[in-house]
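Heads up, model.cif below (mmCIF, C-alpha atoms):
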data_final
loop_
_atom_site.group_PDB
_atom_site.id
_atom_site.type_symbol
_atom_site.label_atom_id
_atom_site.label_comp_id
_atom_site.auth_asym_id
_atom_site.auth_seq_id
_atom_site.Cartn_x
_atom_site.Cartn_y
_atom_site.Cartn_z
ATOM 1 C CA MET D 199 30.543 -74.664 53.659
ATOM 2 C CA ARG D 200 33.604 -73.395 51.809
ATOM 3 C CA GLU D 201 31.415 -71.840 49.107
ATOM 4 C CA ILE D 202 29.249 -70.169 51.767
ATOM 5 C CA GLU D 203 32.319 -68.854 53.622
ATOM 6 C CA ALA D 204 33.709 -67.426 50.384
ATOM 7 C CA PHE D 205 30.431 -65.710 49.548
ATOM 8 C CA LEU D 206 30.036 -64.264 53.054
ATOM 9 C CA SER D 207 33.632 -63.030 53.121
ATOM 10 C CA VAL D 208 33.336 -61.217 49.773
ATOM 11 C CA ALA D 209 29.957 -59.769 50.810
ATOM 12 C CA GLU D 210 31.523 -58.352 53.989
ATOM 13 C CA GLU D 211 34.847 -57.207 52.527
ATOM 14 C CA LEU D 212 33.418 -56.134 49.124
ATOM 15 C CA HIS D 213 36.859 -57.039 47.821
ATOM 16 C CA PHE D 214 37.969 -60.409 46.431
ATOM 17 C CA GLY D 215 41.605 -59.917 47.420
ATOM 18 C CA ARG D 216 40.853 -59.118 51.082
ATOM 19 C CA ALA D 217 38.350 -61.980 51.240
ATOM 20 C CA ALA D 218 41.043 -64.317 49.912
ATOM 21 C CA GLN D 219 43.511 -63.159 52.565
ATOM 22 C CA ARG D 220 40.886 -63.648 55.271
ATOM 23 C CA LEU D 221 40.231 -67.220 54.097
ATOM 24 C CA ARG D 222 43.902 -67.925 53.340
ATOM 25 C CA LEU D 223 43.013 -68.832 49.756
ATOM 26 C CA SER D 224 44.040 -67.468 46.369
ATOM 27 C CA THR D 225 41.887 -64.779 44.786
ATOM 28 C CA SER D 226 41.155 -67.038 41.830
ATOM 29 C CA ARG D 227 39.983 -69.798 44.191
ATOM 30 C CA VAL D 228 37.580 -67.384 45.930
ATOM 31 C CA SER D 229 36.220 -66.324 42.527
ATOM 32 C CA VAL D 230 35.591 -69.960 41.601
ATOM 33 C CA LEU D 231 33.747 -70.569 44.904
ATOM 34 C CA VAL D 232 31.588 -67.452 44.501
ATOM 35 C CA ARG D 233 30.654 -68.423 40.952
ATOM 36 C CA ALA D 234 29.589 -71.832 42.293
ATOM 37 C CA VAL D 235 27.252 -70.094 44.774
ATOM 38 C CA GLU D 236 25.844 -67.959 41.939
ATOM 39 C CA ARG D 237 25.117 -71.093 39.930
ATOM 40 C CA ARG D 238 23.323 -72.623 42.910
ATOM 41 C CA ALA D 239 21.319 -69.426 43.457
ATOM 42 C CA GLY D 240 20.576 -68.993 39.754
ATOM 43 C CA ALA D 241 21.368 -65.290 39.992
ATOM 44 C CA GLN D 242 24.252 -62.822 39.832
ATOM 45 C CA LEU D 243 25.192 -61.964 43.417
ATOM 46 C CA PHE D 244 27.838 -59.267 42.883
ATOM 47 C CA GLU D 245 28.314 -56.351 40.501
ATOM 48 C CA ARG D 246 32.025 -56.409 39.650
ATOM 49 C CA SER D 247 34.196 -53.764 38.089
ATOM 50 C CA SER D 248 37.914 -53.061 38.127
ATOM 51 C CA ARG D 249 37.446 -50.767 41.136
ATOM 52 C CA VAL D 250 34.189 -51.705 42.922
ATOM 53 C CA VAL D 251 32.400 -54.844 44.141
ATOM 54 C CA ARG D 252 28.752 -54.424 45.168
ATOM 55 C CA LEU D 253 26.024 -56.854 46.224
ATOM 56 C CA THR D 254 23.107 -57.150 43.847
ATOM 57 C CA PRO D 255 19.599 -57.207 45.384
ATOM 58 C CA GLN D 256 19.654 -61.007 45.095
ATOM 59 C CA GLY D 257 23.092 -61.068 46.730
ATOM 60 C CA ALA D 258 21.883 -58.920 49.617
ATOM 61 C CA GLN D 259 18.906 -61.228 50.114
ATOM 62 C CA LEU D 260 21.120 -64.299 50.121
ATOM 63 C CA TYR D 261 23.601 -62.679 52.509
ATOM 64 C CA ALA D 262 20.866 -61.828 55.025
ATOM 65 C CA GLY D 263 19.658 -65.436 55.101
ATOM 66 C CA LEU D 264 22.998 -67.222 54.970
ATOM 67 C CA ARG D 265 24.707 -65.065 57.571
ATOM 68 C CA ALA D 266 22.170 -65.945 60.281
ATOM 69 C CA ALA D 267 22.300 -69.631 59.343
ATOM 70 C CA TYR D 268 26.106 -69.648 59.315
ATOM 71 C CA VAL D 269 26.263 -68.093 62.808
ATOM 72 C CA GLN D 270 23.872 -70.776 64.101
ATOM 73 C CA ILE D 271 25.967 -73.537 62.518
ATOM 74 C CA GLU D 272 29.083 -72.155 64.169
ATOM 75 C CA ARG D 273 27.324 -72.063 67.539
ATOM 76 C CA VAL D 274 26.260 -75.686 67.242
ATOM 77 C CA LEU D 275 29.767 -76.759 66.245
ATOM 78 C CA ASP D 276 31.181 -74.819 69.184
ATOM 79 C CA ASP D 277 28.715 -76.547 71.540
ATOM 80 C CA VAL D 278 29.876 -79.926 70.251
ATOM 81 C CA ARG D 279 33.550 -78.992 70.614
ATOM 82 C CA ARG D 280 32.989 -77.833 74.180
ATOM 83 C CA ALA D 281 30.922 -80.904 74.982
ATOM 84 C CA GLY D 282 33.739 -83.128 73.750
ATOM 85 C CA GLY D 283 36.069 -81.395 76.185
ATOM 86 C CA HIS D 284 33.502 -81.478 79.018
ATOM 87 C CA GLY D 285 33.341 -77.696 79.174
ATOM 88 C CA GLY D 286 30.523 -75.155 78.976
ATOM 89 C CA VAL D 287 27.011 -75.287 80.417
ATOM 90 C CA LEU D 288 24.932 -78.443 80.831
ATOM 91 C CA ARG D 289 21.199 -78.057 81.435
ATOM 92 C CA VAL D 290 19.875 -80.978 83.483
ATOM 93 C CA GLY D 291 16.271 -81.602 84.437
ATOM 94 C CA PHE D 292 15.313 -83.485 87.592
ATOM 95 C CA ALA D 293 11.909 -85.130 88.070
ATOM 96 C CA THR D 294 9.859 -83.200 90.594
ATOM 97 C CA THR D 295 9.269 -86.284 92.771
ATOM 98 C CA LEU D 296 12.915 -87.331 93.183
ATOM 99 C CA PRO D 297 14.535 -87.451 96.645
ATOM 100 C CA GLN D 298 15.648 -83.940 97.608
ATOM 101 C CA ARG D 299 19.305 -84.802 98.295
ATOM 102 C CA LEU D 300 19.795 -86.445 94.907
ATOM 103 C CA ARG D 301 19.989 -83.270 92.822
ATOM 104 C CA THR D 302 22.531 -81.555 95.068
ATOM 105 C CA GLU D 303 24.731 -84.634 95.329
ATOM 106 C CA LEU D 304 24.828 -85.372 91.594
ATOM 107 C CA ILE D 305 25.519 -81.784 90.588
ATOM 108 C CA SER D 306 28.261 -81.183 93.146
ATOM 109 C CA THR D 307 30.143 -84.395 92.348
ATOM 110 C CA PHE D 308 29.893 -83.815 88.577
ATOM 111 C CA GLU D 309 31.129 -80.215 88.801
ATOM 112 C CA SER D 310 33.989 -81.368 91.016
ATOM 113 C CA ARG D 311 34.970 -83.899 88.368
ATOM 114 C CA TYR D 312 34.533 -81.423 85.478
ATOM 115 C CA PRO D 313 35.327 -77.953 86.889
ATOM 116 C CA ASP D 314 35.021 -76.320 83.443
ATOM 117 C CA CYS D 315 31.368 -77.335 83.198
ATOM 118 C CA ARG D 316 28.520 -75.659 85.056
ATOM 119 C CA VAL D 317 25.244 -77.529 85.583
ATOM 120 C CA VAL D 318 22.028 -75.503 85.338
ATOM 121 C CA ALA D 319 19.235 -77.510 87.002
ATOM 122 C CA SER D 320 15.464 -77.337 86.704
ATOM 123 C CA SER D 321 12.555 -79.359 88.125
ATOM 124 C CA LEU D 322 10.258 -81.010 85.573
ATOM 125 C CA PRO D 323 7.422 -83.564 85.829
ATOM 126 C CA THR D 324 8.286 -87.045 84.565
ATOM 127 C CA PRO D 325 5.346 -87.122 82.061
ATOM 128 C CA ASP D 326 6.892 -84.132 80.253
ATOM 129 C CA LEU D 327 9.611 -86.478 78.967
ATOM 130 C CA PHE D 328 7.115 -88.117 76.612
ATOM 131 C CA ARG D 329 5.906 -84.772 75.294
ATOM 132 C CA TRP D 330 9.461 -83.970 74.171
ATOM 133 C CA ILE D 331 9.822 -87.038 71.953
ATOM 134 C CA GLY D 332 10.547 -85.854 68.417
ATOM 135 C CA LYS D 333 10.842 -82.238 69.581
ATOM 136 C CA GLU D 334 13.572 -79.995 70.943
ATOM 137 C CA TRP D 335 14.240 -80.800 74.591
ATOM 138 C CA PRO D 336 14.428 -77.927 77.124
ATOM 139 C CA VAL D 337 17.313 -79.772 78.842
ATOM 140 C CA ALA D 338 20.280 -81.805 77.637
ATOM 141 C CA ALA D 339 19.701 -84.588 80.197
ATOM 142 C CA PHE D 340 16.810 -85.602 82.439
ATOM 143 C CA VAL D 341 17.200 -87.530 85.706
ATOM 144 C CA THR D 342 13.990 -89.410 86.378
ATOM 145 C CA TRP D 343 12.326 -92.660 87.445
ATOM 146 C CA MET D 344 13.269 -95.219 84.797
ATOM 147 C CA PRO D 345 12.823 -98.960 85.490
ATOM 148 C CA VAL D 346 14.073 -100.057 82.046
ATOM 149 C CA ALA D 347 17.498 -99.758 80.392
ATOM 150 C CA SER D 348 16.133 -99.276 76.863
ATOM 151 C CA VAL D 349 12.871 -98.077 75.333
ATOM 152 C CA PRO D 350 11.073 -98.970 72.070
ATOM 153 C CA LEU D 351 11.250 -95.503 70.517
ATOM 154 C CA ALA D 352 12.632 -94.039 67.304
ATOM 155 C CA PRO D 353 14.770 -92.020 67.373
ATOM 156 C CA PRO D 354 16.039 -93.907 70.438
ATOM 157 C CA LEU D 355 16.466 -92.379 73.864
ATOM 158 C CA HIS D 356 19.786 -92.900 75.583
ATOM 159 C CA ILE D 357 19.453 -94.264 79.124
ATOM 160 C CA GLY D 358 22.325 -94.217 81.600
ATOM 161 C CA PRO D 359 23.157 -96.524 84.503
ATOM 162 C CA VAL D 360 21.129 -96.646 87.714
ATOM 163 C CA VAL D 361 22.071 -93.817 90.093
ATOM 164 C CA HIS D 362 19.590 -94.567 92.883
ATOM 165 C CA ARG D 363 16.873 -97.039 93.879
ATOM 166 C CA VAL D 364 13.972 -95.954 96.085
ATOM 167 C CA GLN D 365 11.668 -98.311 97.981
ATOM 168 C CA ARG D 366 8.070 -98.411 96.808
ATOM 169 C CA ALA D 367 5.191 -96.959 98.805
ATOM 170 C CA VAL D 368 1.449 -96.588 98.383
ATOM 171 C CA LEU D 369 -0.321 -93.257 98.669
ATOM 172 C CA LEU D 370 -3.718 -93.543 100.367
ATOM 173 C CA GLY D 371 -6.424 -91.209 101.524
ATOM 174 C CA ALA D 372 -6.558 -90.736 105.297
ATOM 175 C CA GLY D 373 -9.900 -92.575 105.364
ATOM 176 C CA HIS D 374 -8.811 -95.530 103.210
ATOM 177 C CA PRO D 375 -9.308 -98.974 104.826
ATOM 178 C CA LEU D 376 -5.561 -99.709 104.580
ATOM 179 C CA ALA D 377 -4.375 -96.282 105.753
ATOM 180 C CA GLY D 378 -3.745 -97.334 109.346
ATOM 181 C CA LYS D 379 -1.373 -100.201 108.573
ATOM 182 C CA ASP D 380 2.384 -100.042 109.168
ATOM 183 C CA SER D 381 2.916 -101.436 105.652
ATOM 184 C CA VAL D 382 0.810 -102.670 102.758
ATOM 185 C CA ASP D 383 1.639 -105.622 100.542
ATOM 186 C CA ILE D 384 0.793 -105.484 96.846
ATOM 187 C CA ASP D 385 -1.328 -108.630 97.328
ATOM 188 C CA ASP D 386 -3.405 -106.784 99.966
ATOM 189 C CA LEU D 387 -4.438 -104.267 97.312
ATOM 190 C CA ALA D 388 -5.321 -107.029 94.852
ATOM 191 C CA ALA D 389 -7.189 -109.268 97.307
ATOM 192 C CA GLY D 390 -9.279 -106.388 98.632
ATOM 193 C CA GLY D 391 -10.155 -105.119 95.165
ATOM 194 C CA HIS D 392 -8.858 -101.675 96.105
ATOM 195 C CA PRO D 393 -8.753 -99.495 92.959
ATOM 196 C CA VAL D 394 -5.291 -98.275 91.970
ATOM 197 C CA ILE D 395 -4.596 -95.305 89.693
ATOM 198 C CA TYR D 396 -2.896 -96.305 86.437
ATOM 199 C CA PRO D 397 -0.587 -93.398 85.545
ATOM 200 C CA GLU D 398 -0.683 -91.563 82.209
ATOM 201 C CA LEU D 399 2.509 -93.177 80.922
ATOM 202 C CA PRO D 400 3.433 -95.272 77.862
ATOM 203 C CA PRO D 401 2.671 -98.996 78.369
ATOM 204 C CA TRP D 402 6.366 -99.983 78.471
ATOM 205 C CA LEU D 403 6.822 -97.695 81.505
ATOM 206 C CA GLY D 404 3.350 -97.771 83.058
ATOM 207 C CA GLY D 405 3.481 -101.552 83.419
ATOM 208 C CA SER D 406 6.608 -101.288 85.571
ATOM 209 C CA TRP D 407 5.260 -98.365 87.569
ATOM 210 C CA THR D 408 1.839 -99.915 88.220
ATOM 211 C CA PRO D 409 1.655 -103.574 87.069
ATOM 212 C CA GLY D 410 -1.599 -105.180 86.046
ATOM 213 C CA ALA D 411 -1.032 -108.088 88.444
ATOM 214 C CA THR D 412 1.007 -108.883 91.536
ATOM 215 C CA PRO D 413 4.106 -111.124 91.368
ATOM 216 C CA ALA D 414 1.848 -113.910 92.663
ATOM 217 C CA GLY D 415 -0.495 -113.428 89.695
ATOM 218 C CA GLN D 416 -3.396 -111.669 91.424
ATOM 219 C CA PRO D 417 -4.877 -108.961 89.154
ATOM 220 C CA LEU D 418 -4.961 -105.398 90.403
ATOM 221 C CA THR D 419 -8.031 -103.222 89.926
ATOM 222 C CA LEU D 420 -6.625 -100.413 87.774
ATOM 223 C CA ARG D 421 -8.354 -97.106 87.119
ATOM 224 C CA ARG D 422 -7.203 -94.857 84.287
ATOM 225 C CA MET D 423 -7.628 -91.302 85.527
ATOM 226 C CA PRO D 424 -6.754 -87.896 84.009
ATOM 227 C CA ALA D 425 -3.852 -87.314 86.396
ATOM 228 C CA PRO D 426 -0.629 -86.539 84.503
ATOM 229 C CA TYR D 427 1.020 -84.672 87.404
ATOM 230 C CA VAL D 428 1.620 -85.511 91.037
ATOM 231 C CA GLU D 429 -0.620 -82.641 92.196
ATOM 232 C CA ASP D 430 -3.532 -84.270 90.327
ATOM 233 C CA VAL D 431 -2.780 -87.623 91.952
ATOM 234 C CA LEU D 432 -2.658 -86.129 95.446
ATOM 235 C CA ARG D 433 -6.062 -84.527 94.912
ATOM 236 C CA LEU D 434 -7.666 -87.739 93.605
ATOM 237 C CA VAL D 435 -6.266 -89.868 96.431
ATOM 238 C CA ALA D 436 -7.285 -87.378 99.116
ATOM 239 C CA ASP D 437 -10.819 -87.132 97.718
ATOM 240 C CA GLY D 438 -11.715 -90.808 97.506
ATOM 241 C CA GLU D 439 -10.921 -94.511 97.706
ATOM 242 C CA LEU D 440 -8.145 -94.599 95.106
ATOM 243 C CA ALA D 441 -4.614 -95.797 95.879
ATOM 244 C CA HIS D 442 -1.487 -94.747 94.000
ATOM 245 C CA LEU D 443 1.700 -96.805 93.764
ATOM 246 C CA THR D 444 4.585 -94.425 94.287
ATOM 247 C CA PHE D 445 7.881 -94.053 96.177
ATOM 248 C CA ALA D 446 8.955 -93.646 99.770
ATOM 249 C CA SER D 447 10.441 -90.203 99.034
ATOM 250 C CA LEU D 448 7.279 -88.628 97.602
ATOM 251 C CA LEU D 449 6.232 -86.580 100.620
ATOM 252 C CA GLU D 450 9.745 -85.141 100.996
ATOM 253 C CA VAL D 451 8.833 -82.920 98.060
ATOM 254 C CA HIS D 452 5.018 -82.870 98.011
ATOM 255 C CA ASP D 453 2.766 -82.725 101.041
ATOM 256 C CA ARG D 454 -0.999 -82.493 101.268
ATOM 257 C CA PRO D 455 -3.446 -82.890 104.154
ATOM 258 C CA GLY D 456 -5.685 -85.921 103.904
ATOM 259 C CA VAL D 457 -3.163 -88.382 102.460
ATOM 260 C CA VAL D 458 -0.791 -90.894 104.029
ATOM 261 C CA LEU D 459 2.255 -92.595 102.553
ATOM 262 C CA THR D 460 2.650 -96.236 103.600
ATOM 263 C CA PRO D 461 5.568 -98.568 102.774
ATOM 264 C CA LEU D 462 4.652 -101.040 100.035
ATOM 265 C CA THR D 463 6.046 -104.577 99.994
ATOM 266 C CA GLY D 464 6.062 -107.072 97.148
ATOM 267 C CA LEU D 465 7.438 -104.794 94.406
ATOM 268 C CA PRO D 466 11.114 -104.039 93.727
ATOM 269 C CA PRO D 467 12.540 -100.569 94.379
ATOM 270 C CA MET D 468 12.220 -98.084 91.500
ATOM 271 C CA PRO D 469 15.494 -97.180 89.734
ATOM 272 C CA ILE D 470 16.471 -93.624 88.859
ATOM 273 C CA ARG D 471 18.523 -93.067 85.701
ATOM 274 C CA THR D 472 19.648 -90.255 83.422
ATOM 275 C CA VAL D 473 17.879 -90.012 80.058
ATOM 276 C CA TRP D 474 18.966 -87.940 77.063
ATOM 277 C CA ALA D 475 18.237 -87.599 73.358
ATOM 278 C CA PRO D 476 20.620 -87.333 70.401
ATOM 279 C CA GLY D 477 21.794 -83.767 69.904
ATOM 280 C CA PRO D 478 24.681 -81.315 70.195
ATOM 281 C CA HIS D 479 25.061 -81.864 73.959
ATOM 282 C CA GLU D 480 24.734 -85.639 74.018
ATOM 283 C CA HIS D 481 28.438 -86.252 74.729
ATOM 284 C CA LEU D 482 28.281 -84.051 77.822
ATOM 285 C CA ALA D 483 24.945 -85.606 78.848
ATOM 286 C CA GLU D 484 26.529 -89.051 78.529
ATOM 287 C CA ALA D 485 29.456 -87.914 80.687
ATOM 288 C CA PHE D 486 26.976 -86.719 83.336
ATOM 289 C CA ALA D 487 25.054 -90.025 83.218
ATOM 290 C CA ASP D 488 28.193 -92.161 83.443
ATOM 291 C CA HIS D 489 29.621 -90.108 86.288
ATOM 292 C CA ALA D 490 26.293 -90.217 88.164
ATOM 293 C CA GLY D 491 26.262 -94.005 87.903
ATOM 294 C CA ARG D 492 29.864 -94.369 89.081
ATOM 295 C CA ALA D 493 29.583 -91.811 91.871
ATOM 296 C CA ALA D 494 26.355 -93.177 93.386
ATOM 297 C CA PRO D 495 26.948 -94.396 96.978
ATOM 298 C CA ALA D 496 26.366 -98.121 97.498
ATOM 299 C CA GLU D 497 23.483 -97.460 99.870
ATOM 300 C CA TRP D 498 21.681 -95.544 97.098
ATOM 301 C CA LEU D 499 21.689 -98.557 94.793
ATOM 302 C CA GLY D 500 20.240 -100.916 97.382
ATOM 303 C CA ASP D 501 18.825 -104.340 96.621
ATOM 304 C CA PRO D 502 16.765 -104.469 93.386
ATOM 305 C CA SER D 503 14.801 -107.528 94.515
ATOM 306 C CA PRO D 504 11.215 -107.085 95.752
ATOM 307 C CA THR D 505 10.826 -106.016 99.337
ATOM 308 C CA PRO D 506 9.557 -109.082 101.268
ATOM 309 C CA ALA D 507 6.214 -108.889 102.992
#
Using structure tokens, write down the structure from this file.
Amino acid sequence: MREIEAFLSVAEELHFGRAAQRLRLSTSRVSVLVRAVERRAGAQLFERSSRVVRLTPQGAQLYAGLRAAYVQIERVLDDVRRAGGHGGVLRVGFATTLPQRLRTELISTFESRYPDCRVVASSLPTPDLFRWIGKEWPVAAFVTWMPVASVPLAPPLHIGPVVHRVQRAVLLGAGHPLAGKDSVDIDDLAAGGHPVIYPELPPWLGGSWTPGATPAGQPLTLRRMPAPYVEDVLRLVADGELAHLTFASLLEVHDRPGVVLTPLTGLPPMPIRTVWAPGPHEHLAEAFADHAGRAAPAEWLGDPSPTPA
């Protein structure tokens, strides 16, 4: 970095003495650093005389590339410095099916705790999380349904504490045999052989979302369907005999004629957590996750045991 800074300074000042003053180094030290860059580049970068310093064509080419890279490096370092001080902008995604009040509550309490930080929120489908693995995330943190505290991925995802638990429910078509009941137990679905949609999720998450068997050991009839998003699920359930294991808050956000949402007993509530990946904003994302876990009202956390029939 020091060699690059010396080269950029001389290229902009076109004077070794002024570049040295700018860097608070001796002129001879700047000359040594520039010669080191020339050795790395395998080319002469400056034409020097007693009166004039000019960039060679190779020097101009190197300057154009290094300057843009250096600016980007400085931006990343600045993001990290601001994140360490809990300042700046934090982009947070919220799963589209989360309870409506959750986003507002988490953002307002976090910004009250860290007034120098502004949260920019967006709504994103939960399956998008798995398309970001190994890529650049569009958000620094993602608040979503997450029943597990760690995941078998490399590089690892960071998962924060539980911020909410929502009772389970089953989404049924209006003409489904179980649609008229006040509640449905998971064993009712198994005993009746009612087909249940298995979501397009990794096995370590899909098994918690829609298990292959009930707690009593009765197998569920699972159907793998091309339904990555909640709109696809609503259409499939409304059109036929399929059931979908979901959450009591679903129809707060999504509504569709021809479907009913019925409380489901026999499965534990689904936890909501903050998830984030390693990167320049991970310290601020971790602060958001920790604060969300501490600030969650007791009634949000509920009882993690299965709802009795």
Practice prompt. Could you give me, as a VMD selection string, the residues within 10 Å of segment 388-405 of chain D, counting only C-alpha atoms and dropping anything in the same chain fewer than 5 positions from it?
Written response: chain D and resid 324 to 325 327 to 328 343 to 346 348 to 350 368 to 370 374 to 376 383 410 to 412 415 to 428 431 434 to 435 439 to 443
Next item on the list: Return as an MDAnalysis selection string the set of residues that the PyMOL selection byres ((chain D and resi 206-212) around 7) yields on the displayed structure.
Entry: chainID D and resid 202:205 213:214 216:217 251:253 261
Output C-alpha atoms for every residue in the selection just made, as a PDB file, in the coordinates of the input.
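Written output follows (result.pdb):
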ATOM      1  CA  ILE D 202      29.249 -70.169  51.767  1.00  0.00           C
ATOM      2  CA  GLU D 203      32.319 -68.854  53.622  1.00  0.00           C
ATOM      3  CA  ALA D 204      33.709 -67.426  50.384  1.00  0.00           C
ATOM      4  CA  PHE D 205      30.431 -65.710  49.548  1.00  0.00           C
ATOM      5  CA  HIS D 213      36.859 -57.039  47.821  1.00  0.00           C
ATOM      6  CA  PHE D 214      37.969 -60.409  46.431  1.00  0.00           C
ATOM      7  CA  ARG D 216      40.853 -59.118  51.082  1.00  0.00           C
ATOM      8  CA  ALA D 217      38.350 -61.980  51.240  1.00  0.00           C
ATOM      9  CA  VAL D 251      32.400 -54.844  44.141  1.00  0.00           C
ATOM     10  CA  ARG D 252      28.752 -54.424  45.168  1.00  0.00           C
ATOM     11  CA  LEU D 253      26.024 -56.854  46.224  1.00  0.00           C
ATOM     12  CA  TYR D 261      23.601 -62.679  52.509  1.00  0.00           C
TER      13      TYR D 261
END
The distance between atom CA of Asp385 of chain D and atom CA of Val361 of chain D is 28.6 Å
Put a box with edges along x, y and z around all the listed atoms of segment 260-264 of chain D, pad it by 6 Å on each side, then give me its centre and sizes in Å, one decimal, as JSON.
{"center_x": 21.6, "center_y": -64.5, "center_z": 52.6, "size_x": 15.9, "size_y": 17.4, "size_z": 17.0}
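For the atom pair formed by atom CA of Gly286 of chain D and atom CA of Pro469 of chain D, the distance is 28.8 Å, given to one decimal.
Distance-wise, atom CA of Arg363 of chain D and atom CA of Gly491 of chain D end up 11.5 Å apart.
Those residues that approach Ala234 of chain D to within 10 Å, counting only C-alpha atoms, are Glu201, Ile202, Phe205, Val228, Ser229, Val230, Arg238, Ala239 and Gly240 of chain D; same-chain residues fewer than 4 positions away are not listed.
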Given the PyMOL selection byres ((chain D and resi 338) around 12) and the file above, list the residues it selects as a ChimeraX atom specification. /D:277,281,287-292,317-320,327,330,334-337,339-341,355-356,472-487
Put those residues in a file: C-alpha atoms, as a PDB file, in the coordinates of the input.
ATOM      1  CA  ASP D 277      28.715 -76.547  71.540  1.00  0.00           C
ATOM      2  CA  ALA D 281      30.922 -80.904  74.982  1.00  0.00           C
ATOM      3  CA  VAL D 287      27.011 -75.287  80.417  1.00  0.00           C
ATOM      4  CA  LEU D 288      24.932 -78.443  80.831  1.00  0.00           C
ATOM      5  CA  ARG D 289      21.199 -78.057  81.435  1.00  0.00           C
ATOM      6  CA  VAL D 290      19.875 -80.978  83.483  1.00  0.00           C
ATOM      7  CA  GLY D 291      16.271 -81.602  84.437  1.00  0.00           C
ATOM      8  CA  PHE D 292      15.313 -83.485  87.592  1.00  0.00           C
ATOM      9  CA  VAL D 317      25.244 -77.529  85.583  1.00  0.00           C
ATOM     10  CA  VAL D 318      22.028 -75.503  85.338  1.00  0.00           C
ATOM     11  CA  ALA D 319      19.235 -77.510  87.002  1.00  0.00           C
ATOM     12  CA  SER D 320      15.464 -77.337  86.704  1.00  0.00           C
ATOM     13  CA  LEU D 327       9.611 -86.478  78.967  1.00  0.00           C
ATOM     14  CA  TRP D 330       9.461 -83.970  74.171  1.00  0.00           C
ATOM     15  CA  GLU D 334      13.572 -79.995  70.943  1.00  0.00           C
ATOM     16  CA  TRP D 335      14.240 -80.800  74.591  1.00  0.00           C
ATOM     17  CA  PRO D 336      14.428 -77.927  77.124  1.00  0.00           C
ATOM     18  CA  VAL D 337      17.313 -79.772  78.842  1.00  0.00           C
ATOM     19  CA  ALA D 339      19.701 -84.588  80.197  1.00  0.00           C
ATOM     20  CA  PHE D 340      16.810 -85.602  82.439  1.00  0.00           C
ATOM     21  CA  VAL D 341      17.200 -87.530  85.706  1.00  0.00           C
ATOM     22  CA  LEU D 355      16.466 -92.379  73.864  1.00  0.00           C
ATOM     23  CA  HIS D 356      19.786 -92.900  75.583  1.00  0.00           C
ATOM     24  CA  THR D 472      19.648 -90.255  83.422  1.00  0.00           C
ATOM     25  CA  VAL D 473      17.879 -90.012  80.058  1.00  0.00           C
ATOM     26  CA  TRP D 474      18.966 -87.940  77.063  1.00  0.00           C
ATOM     27  CA  ALA D 475      18.237 -87.599  73.358  1.00  0.00           C
ATOM     28  CA  PRO D 476      20.620 -87.333  70.401  1.00  0.00           C
ATOM     29  CA  GLY D 477      21.794 -83.767  69.904  1.00  0.00           C
ATOM     30  CA  PRO D 478      24.681 -81.315  70.195  1.00  0.00           C
ATOM     31  CA  HIS D 479      25.061 -81.864  73.959  1.00  0.00           C
ATOM     32  CA  GLU D 480      24.734 -85.639  74.018  1.00  0.00           C
ATOM     33  CA  HIS D 481      28.438 -86.252  74.729  1.00  0.00           C
ATOM     34  CA  LEU D 482      28.281 -84.051  77.822  1.00  0.00           C
ATOM     35  CA  ALA D 483      24.945 -85.606  78.848  1.00  0.00           C
ATOM     36  CA  GLU D 484      26.529 -89.051  78.529  1.00  0.00           C
ATOM     37  CA  ALA D 485      29.456 -87.914  80.687  1.00  0.00           C
ATOM     38  CA  PHE D 486      26.976 -86.719  83.336  1.00  0.00           C
ATOM     39  CA  ALA D 487      25.054 -90.025  83.218  1.00  0.00           C
TER      40      ALA D 487
END
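Distance annotation: of D:Leu448, D:Ala436, D:Leu322, D:Leu304, the residue with the minimal separation from Gln365 of chain D is D:Leu448; atom set is only C-alpha atoms.
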Between D:Ser247, D:Gln242, D:Gln219, D:Thr460, smallest distance to Gly378 of chain D by all atoms listed in the file belongs to D:Thr460
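Minimum atom-to-atom distance to Leu432 of chain D, evaluated using all atoms listed in the file, belongs to D:Thr444 out of D:Ser248, D:Thr444, D:Thr408, D:Gln256.
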Across D:Ala241, D:Val382, D:Val364, D:Ala372, the smallest distance to Pro467 of chain D, with all atoms listed in the file counted, is shown by D:Val364
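The smallest atom-to-atom distance between Gly358 of chain D and any of D:Trp407, D:Ser306, D:Ala490, D:Leu300, using only C-alpha atoms, is found for D:Ala490.
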Would you mind writing segment 311-316 of chain D with N, CA and C atoms, as a PDB file, keeping the file's coordinate frame?
ATOM      1  N   ARG D 311      34.233 -83.085  89.338  1.00  0.00           N
ATOM      2  CA  ARG D 311      34.970 -83.899  88.368  1.00  0.00           C
ATOM      3  C   ARG D 311      35.294 -83.104  87.106  1.00  0.00           C
ATOM      4  N   TYR D 312      34.356 -82.231  86.687  1.00  0.00           N
ATOM      5  CA  TYR D 312      34.533 -81.423  85.478  1.00  0.00           C
ATOM      6  C   TYR D 312      34.395 -79.936  85.841  1.00  0.00           C
ATOM      7  N   PRO D 313      35.431 -79.340  86.396  1.00  0.00           N
ATOM      8  CA  PRO D 313      35.327 -77.953  86.889  1.00  0.00           C
ATOM      9  C   PRO D 313      35.056 -76.926  85.797  1.00  0.00           C
ATOM     10  N   ASP D 314      35.296 -77.261  84.526  1.00  0.00           N
ATOM     11  CA  ASP D 314      35.021 -76.320  83.443  1.00  0.00           C
ATOM     12  C   ASP D 314      33.566 -76.327  83.005  1.00  0.00           C
ATOM     13  N   CYS D 315      32.776 -77.221  83.581  1.00  0.00           N
ATOM     14  CA  CYS D 315      31.368 -77.335  83.198  1.00  0.00           C
ATOM     15  C   CYS D 315      30.481 -76.898  84.359  1.00  0.00           C
ATOM     16  N   ARG D 316      29.487 -76.093  84.051  1.00  0.00           N
ATOM     17  CA  ARG D 316      28.520 -75.659  85.056  1.00  0.00           C
ATOM     18  C   ARG D 316      27.169 -76.290  84.742  1.00  0.00           C
TER      19      ARG D 316
END
